[in-house]
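Participant: Take a look at this one; I'll ask things after.
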Amino acid sequence: MAAPDATLAAYDSKIEGNVVFTKLDAAINWMRKNSLWPMPMGLACCAIEMMAAACSRYDLSRFGMEVMRFSPRQADVMIVAGTVTYKMALAVKRIWDQMPEPKWCIAMGACASSGGMYRSYAVLQGIDQLIPVDVYISGCPPRPEALLEGLMRLQRKIEGEHALADQKKELVEDLIS
Amino acid sequence: MTAADLAQSLAKAFPEATKLQPEFRGEHTLEVRLSDLLAVLQHCRDALGFDSLVDLSTVDHETRLPRFDVVYELYGMEHHQHLRLRVLLADEEECPSACEIWPTANWHEREAYDMMGVRFANHPDLRRILLWEGFPHFPLRKEYPLAGLPTELPEVAFTRPAPMADGPFVTSAGGKDAIAREPRARPQRAE
């Protein structure tokens, strides 16, 4: 089938609307923030709220975050949902170390943020003692709306990152030289 | 056979090694001499039909000598009766493992070792089960503070004492009314 006359021209008016000029940082951040794949670290009752947030009523997929990855190698953001005991902390740290950069962490609920009501020898008093946390969500457990809010705050945080300059230093230097 | 009959028959079979304790709310308890423990347990399973070890627990009496109780909760699937056996154990003594008699004793004994530091002789795999490998304390012993003690195992794990704020948040059983029994922050006892 022959192409219509219009596409033969050097200037294609149909493509014009699909070209966007932007900064590379902004483009990378935009792609990252809209496809945050969570690593669900469900350790207690917060995990139930996290599951509710992923299901149809609250529907995390509206924000590109529904792809719960149970392999840390495919995940971008770890949602630590629940009480982190010292025994489990070893596993949490190990999984966090296996996640590729760039990665983010959300401490969901009182226990993950501060140990919560578990003032005990057995419980790590906040996951931030072990791994860097980007967003803390209060609540015991937080409602799904709170988790959504936390994830959207994380999106806002990602918007402000200097994705290329900070994370791809060697690539930028290569391009310049 | 009722639990009382079973307890009586066990006391008759081992008159030297067992001591019948007072019945409490239909629960029957025998105190067993440590050296005869395995023979008594074997007899309970084979002759008295206690084919299930429901639980194995430990009690720390701190100042009493010998210091620990090891408590066996037995149940028979055929006669539906419970029986409790208790053995006294000093700090440096080892309790014989009941794994050969009831395989379920394996994890119960690991837990008793993990939390109370009671050692079991001839246990096939006496490792920690709830706390991380290398943890240096036994947290259910009375001298161990609720908040925990700082520990550090470089490159592996660490533990920090939990902030107690105004003491642990606990209920007081036996308070005169609901207000007194309500959970409240109570200061820890002085060490």
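The way I read the labels, and the way they are meant: chains A, B, ... in the order of the structure tokens, residue 1 as the first residue of every chain, and ligand 1 as the first ligand shown, with later ones counted on from there.
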Taking only C-alpha atoms into account, produce a table as CSV in which each residue of chain A with an atom at most 12 Å from an atom of chain B appears once, together with its shortest atom pair and the distance in Å to one decimal, ordered by chain and rising number.
Facilitator:
residue,atom,partner,partner_atom,distance
A:Thr85,CA,B:Leu131,CA,8.8
A:Tyr86,CA,B:Trp132,CA,7.1
A:Lys87,CA,B:Trp132,CA,5.0
A:Met88,CA,B:Trp132,CA,8.6
A:Ala89,CA,B:Ala157,CA,8.5
A:Leu90,CA,B:Ala157,CA,7.0
A:Ala91,CA,B:Trp132,CA,10.7
A:Val92,CA,B:Ala157,CA,11.9
A:Lys93,CA,B:Ala157,CA,10.1
A:Arg94,CA,B:Val156,CA,10.6
A:Ser114,CA,B:Ala162,CA,9.9
A:Gly115,CA,B:Ala162,CA,8.3
A:Gly116,CA,B:Ala162,CA,10.5
A:Met117,CA,B:Phe169,CA,8.4
A:Tyr118,CA,B:Ala162,CA,8.5
A:Arg119,CA,B:Ala162,CA,5.3
A:Ser120,CA,B:Ala147,CA,4.9
A:Tyr121,CA,B:Gly148,CA,4.1
A:Ala122,CA,B:Leu131,CA,7.6
A:Val123,CA,B:Ala162,CA,8.0
A:Leu124,CA,B:Thr159,CA,7.4
A:Gln125,CA,B:Ala162,CA,6.5
A:Gly126,CA,B:Ala162,CA,10.2
A:Gln129,CA,B:Arg160,CA,9.9
A:Leu130,CA,B:Phe158,CA,9.8
Participant: For the selection just defined, write its residues with N, CA and C atoms to a file, as a PDB file, in the first residue's frame.
Facilitator:
ATOM      1  N   THR A  85      11.612  -6.629  63.646  1.00  0.00           N
ATOM      2  CA  THR A  85      12.366  -7.236  64.744  1.00  0.00           C
ATOM      3  C   THR A  85      13.843  -7.293  64.349  1.00  0.00           C
ATOM      4  N   TYR A  86      14.683  -7.438  65.350  1.00  0.00           N
ATOM      5  CA  TYR A  86      16.108  -7.495  65.049  1.00  0.00           C
ATOM      6  C   TYR A  86      16.432  -8.677  64.157  1.00  0.00           C
ATOM      7  N   LYS A  87      15.713  -9.770  64.349  1.00  0.00           N
ATOM      8  CA  LYS A  87      15.971 -10.934  63.510  1.00  0.00           C
ATOM      9  C   LYS A  87      15.601 -10.640  62.060  1.00  0.00           C
ATOM     10  N   MET A  88      14.447  -9.985  61.849  1.00  0.00           N
ATOM     11  CA  MET A  88      14.015  -9.673  60.492  1.00  0.00           C
ATOM     12  C   MET A  88      14.859  -8.558  59.891  1.00  0.00           C
ATOM     13  N   ALA A  89      15.409  -7.695  60.760  1.00  0.00           N
ATOM     14  CA  ALA A  89      16.195  -6.566  60.271  1.00  0.00           C
ATOM     15  C   ALA A  89      17.353  -7.050  59.404  1.00  0.00           C
ATOM     16  N   LEU A  90      17.920  -8.201  59.743  1.00  0.00           N
ATOM     17  CA  LEU A  90      19.017  -8.741  58.940  1.00  0.00           C
ATOM     18  C   LEU A  90      18.540  -9.006  57.517  1.00  0.00           C
ATOM     19  N   ALA A  91      17.341  -9.568  57.381  1.00  0.00           N
ATOM     20  CA  ALA A  91      16.797  -9.875  56.057  1.00  0.00           C
ATOM     21  C   ALA A  91      16.420  -8.599  55.316  1.00  0.00           C
ATOM     22  N   VAL A  92      15.838  -7.613  56.040  1.00  0.00           N
ATOM     23  CA  VAL A  92      15.449  -6.352  55.395  1.00  0.00           C
ATOM     24  C   VAL A  92      16.680  -5.683  54.804  1.00  0.00           C
ATOM     25  N   LYS A  93      17.750  -5.633  55.591  1.00  0.00           N
ATOM     26  CA  LYS A  93      18.986  -4.988  55.123  1.00  0.00           C
ATOM     27  C   LYS A  93      19.547  -5.719  53.906  1.00  0.00           C
ATOM     28  N   ARG A  94      19.476  -7.032  53.956  1.00  0.00           N
ATOM     29  CA  ARG A  94      20.031  -7.823  52.870  1.00  0.00           C
ATOM     30  C   ARG A  94      19.247  -7.581  51.580  1.00  0.00           C
ATOM     31  N   SER A 114       9.557   4.117  64.148  1.00  0.00           N
ATOM     32  CA  SER A 114      10.164   4.388  65.449  1.00  0.00           C
ATOM     33  C   SER A 114      10.100   3.207  66.414  1.00  0.00           C
ATOM     34  N   GLY A 115       9.686   2.059  65.976  1.00  0.00           N
ATOM     35  CA  GLY A 115       9.475   0.946  66.911  1.00  0.00           C
ATOM     36  C   GLY A 115       8.066   0.911  67.453  1.00  0.00           C
ATOM     37  N   GLY A 116       7.343   2.027  67.315  1.00  0.00           N
ATOM     38  CA  GLY A 116       5.948   2.056  67.718  1.00  0.00           C
ATOM     39  C   GLY A 116       5.747   1.693  69.168  1.00  0.00           C
ATOM     40  N   MET A 117       4.741   0.857  69.412  1.00  0.00           N
ATOM     41  CA  MET A 117       4.449   0.488  70.795  1.00  0.00           C
ATOM     42  C   MET A 117       5.390  -0.593  71.292  1.00  0.00           C
ATOM     43  N   TYR A 118       6.245  -1.131  70.427  1.00  0.00           N
ATOM     44  CA  TYR A 118       7.137  -2.210  70.843  1.00  0.00           C
ATOM     45  C   TYR A 118       8.425  -1.641  71.418  1.00  0.00           C
ATOM     46  N   ARG A 119       8.369  -1.173  72.649  1.00  0.00           N
ATOM     47  CA  ARG A 119       9.575  -0.724  73.344  1.00  0.00           C
ATOM     48  C   ARG A 119      10.207  -1.958  73.967  1.00  0.00           C
ATOM     49  N   SER A 120      10.929  -2.701  73.190  1.00  0.00           N
ATOM     50  CA  SER A 120      11.355  -4.021  73.634  1.00  0.00           C
ATOM     51  C   SER A 120      12.736  -4.359  73.077  1.00  0.00           C
ATOM     52  N   TYR A 121      13.405  -5.267  73.753  1.00  0.00           N
ATOM     53  CA  TYR A 121      14.719  -5.722  73.308  1.00  0.00           C
ATOM     54  C   TYR A 121      14.677  -6.392  71.949  1.00  0.00           C
ATOM     55  N   ALA A 122      13.491  -6.838  71.517  1.00  0.00           N
ATOM     56  CA  ALA A 122      13.399  -7.658  70.316  1.00  0.00           C
ATOM     57  C   ALA A 122      13.176  -6.833  69.055  1.00  0.00           C
ATOM     58  N   VAL A 123      12.833  -5.543  69.204  1.00  0.00           N
ATOM     59  CA  VAL A 123      12.368  -4.773  68.050  1.00  0.00           C
ATOM     60  C   VAL A 123      13.321  -3.623  67.747  1.00  0.00           C
ATOM     61  N   LEU A 124      13.692  -3.524  66.469  1.00  0.00           N
ATOM     62  CA  LEU A 124      14.504  -2.404  66.001  1.00  0.00           C
ATOM     63  C   LEU A 124      13.684  -1.120  66.123  1.00  0.00           C
ATOM     64  N   GLN A 125      14.249  -0.091  66.761  1.00  0.00           N
ATOM     65  CA  GLN A 125      13.471   1.116  67.052  1.00  0.00           C
ATOM     66  C   GLN A 125      13.513   2.075  65.858  1.00  0.00           C
ATOM     67  N   GLY A 126      12.949   1.651  64.771  1.00  0.00           N
ATOM     68  CA  GLY A 126      12.901   2.465  63.552  1.00  0.00           C
ATOM     69  C   GLY A 126      13.848   1.915  62.508  1.00  0.00           C
ATOM     70  N   GLN A 129      17.431   3.311  61.486  1.00  0.00           N
ATOM     71  CA  GLN A 129      18.711   2.973  62.105  1.00  0.00           C
ATOM     72  C   GLN A 129      19.542   2.073  61.200  1.00  0.00           C
ATOM     73  N   LEU A 130      18.906   1.541  60.176  1.00  0.00           N
ATOM     74  CA  LEU A 130      19.579   0.551  59.342  1.00  0.00           C
ATOM     75  C   LEU A 130      19.703   0.998  57.892  1.00  0.00           C
TER      76      LEU A 130
END
Participant: Could you give me, as JSON, numbers by chain, each residue of segment 3-45 of chain B that DSSP assigns to helix (DSSP H, G or I) when run on this structure's backbone?
Facilitator: {"B": [3, 4, 5, 6, 7, 8, 9, 10, 11, 12, 13, 34, 35, 36, 37, 38, 39, 40, 41, 42, 43, 44, 45]}
Participant: If you measure from atom CA of Pro102 of chain A to atom CA of Ala163 of chain A, what distance in Å do you get, rounded to one decimal?
Facilitator: 9.0 Å
Participant: Smallest atom-to-atom distance to Arg64 of chain B: which of B:Ala4, B:Leu89, B:Leu10, B:Leu20, using only C-alpha atoms?
Facilitator: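 Between B:Ala4, B:Leu89, B:Leu10, B:Leu20, the residue approaching Arg64 of chain B most closely is B:Leu89.
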Participant: Could you please determine the separation between atom CA of Ala27 of chain A and atom CA of Asp59 of chain A in Å, to one decimal place?
Facilitator: 24.9 Å
Participant: Could you tell me how far atom CA of Arg186 of chain B lies from atom CA of Val170 of chain B, in Å and to one decimal?
Facilitator: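 We find that atom CA of Arg186 of chain B and atom CA of Val170 of chain B lie 6.9 Å from each other.
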Participant: If you run DSSP on the backbone here, which positions in chain B get strand (DSSP E)? Please write them as a VMD selection string.
Facilitator: chain B and resid 18 to 20 29 to 32 52 to 60 68 to 75 82 to 89 94 to 96 119 to 121 151 to 153 157 to 159 169 to 170 184 to 185
Participant: Env of Ile79 of chain A: 12 Å cut, atoms = only C-alpha atoms, seq-sep filter 5 positions within chain, self excluded. Answer as an MDAnalysis selection string.
Facilitator: chainID A and resid 36:43 46:47 49:51 65 68:70 72 92 95:96 103:109 112:113 127 131 133:137 147:148 150:151 154
Participant: Can you pull out every residue within 6 Å of Arg84 of chain B, counting only C-alpha atoms, but drop anything in the same chain fewer than 5 positions away, and send it as a PDB file with C-alpha atoms, in the first residue's frame?
Facilitator:
ATOM      1  CA  THR B  29       1.159 -31.658  88.200  1.00  0.00           C
ATOM      2  CA  TYR B  72       6.194 -30.302  80.134  1.00  0.00           C
ATOM      3  CA  GLU B  73       2.525 -30.072  79.162  1.00  0.00           C
TER       4      GLU B  73
END
Participant: So that I can check the surroundings of Gln8 of chain B, please list as a ChimeraX atom specification every protein, DNA and RNA residue that reaches within 10 Å of it, counting only C-alpha atoms and ignoring chain neighbours fewer than 6 positions away.
Facilitator: /B:2,20,28,30
Participant: I want to know what sits within 9 Å of Tyr113 of chain B, based on only C-alpha atoms, with residues of the same chain fewer than 5 positions away left out; could you give that as a compact mmCIF listing (two decimals) with C-alpha atoms, in the first residue's frame?
Facilitator:
# COMPACT_ATOMS: atom_id res chain seq x y z
CA HIS B 108 10.29 -26.05 71.95
CA VAL B 118 18.46 -23.64 79.44
CA ARG B 119 20.69 -26.16 77.70
CA PHE B 120 19.40 -29.54 76.53
CA LEU B 126 20.46 -26.54 69.65
CA ARG B 127 20.58 -23.14 67.90
CA ARG B 128 18.73 -19.92 68.54
CA ILE B 129 15.30 -19.89 66.95
CA PHE B 138 18.97 -14.73 77.24
Participant: Which residues are close to Met77 of chain B, i.e. within 8 Å by only C-alpha atoms, leaving aside same-chain residues fewer than 4 positions away? Reply as a ChimeraX atom specification.
Facilitator: /B:49-52,81
Participant: With all heavy atoms retained, write the just-selected residues as a short mmCIF file (atom, residue, chain, number, x, y, z; two decimals), in the first residue's frame.
Facilitator:
data_model
loop_
_atom_site.label_atom_id
_atom_site.label_comp_id
_atom_site.auth_asym_id
_atom_site.auth_seq_id
_atom_site.Cartn_x
_atom_site.Cartn_y
_atom_site.Cartn_z
N GLY B 49 -0.26 -43.24 77.48
CA GLY B 49 -0.96 -42.75 76.30
C GLY B 49 -0.88 -41.24 76.09
O GLY B 49 -1.72 -40.68 75.38
N PHE B 50 0.11 -40.58 76.69
CA PHE B 50 0.28 -39.14 76.41
C PHE B 50 1.12 -39.01 75.14
O PHE B 50 2.34 -38.90 75.18
CB PHE B 50 0.96 -38.44 77.59
CG PHE B 50 0.05 -38.27 78.77
CD1 PHE B 50 0.18 -39.07 79.89
CD2 PHE B 50 -0.96 -37.32 78.74
CE1 PHE B 50 -0.68 -38.91 80.97
CE2 PHE B 50 -1.83 -37.17 79.82
CZ PHE B 50 -1.68 -37.96 80.93
N ASP B 51 0.43 -39.05 74.00
CA ASP B 51 1.17 -39.09 72.74
C ASP B 51 1.48 -37.71 72.18
O ASP B 51 2.05 -37.58 71.12
CB ASP B 51 0.39 -39.91 71.69
CG ASP B 51 -1.07 -39.53 71.65
OD1 ASP B 51 -1.42 -38.50 72.26
OD2 ASP B 51 -1.86 -40.25 71.02
N SER B 52 1.09 -36.66 72.92
CA SER B 52 1.35 -35.31 72.39
C SER B 52 2.00 -34.44 73.45
O SER B 52 1.53 -34.36 74.58
CB SER B 52 0.02 -34.69 71.93
OG SER B 52 0.21 -33.34 71.63
N GLN B 81 -6.80 -36.31 78.10
CA GLN B 81 -6.42 -35.81 79.43
C GLN B 81 -5.11 -35.04 79.35
O GLN B 81 -4.25 -35.35 78.53
CB GLN B 81 -6.29 -36.97 80.43
CG GLN B 81 -7.54 -37.80 80.61
CD GLN B 81 -8.71 -36.98 81.12
OE1 GLN B 81 -8.55 -36.06 81.91
NE2 GLN B 81 -9.92 -37.30 80.66
#
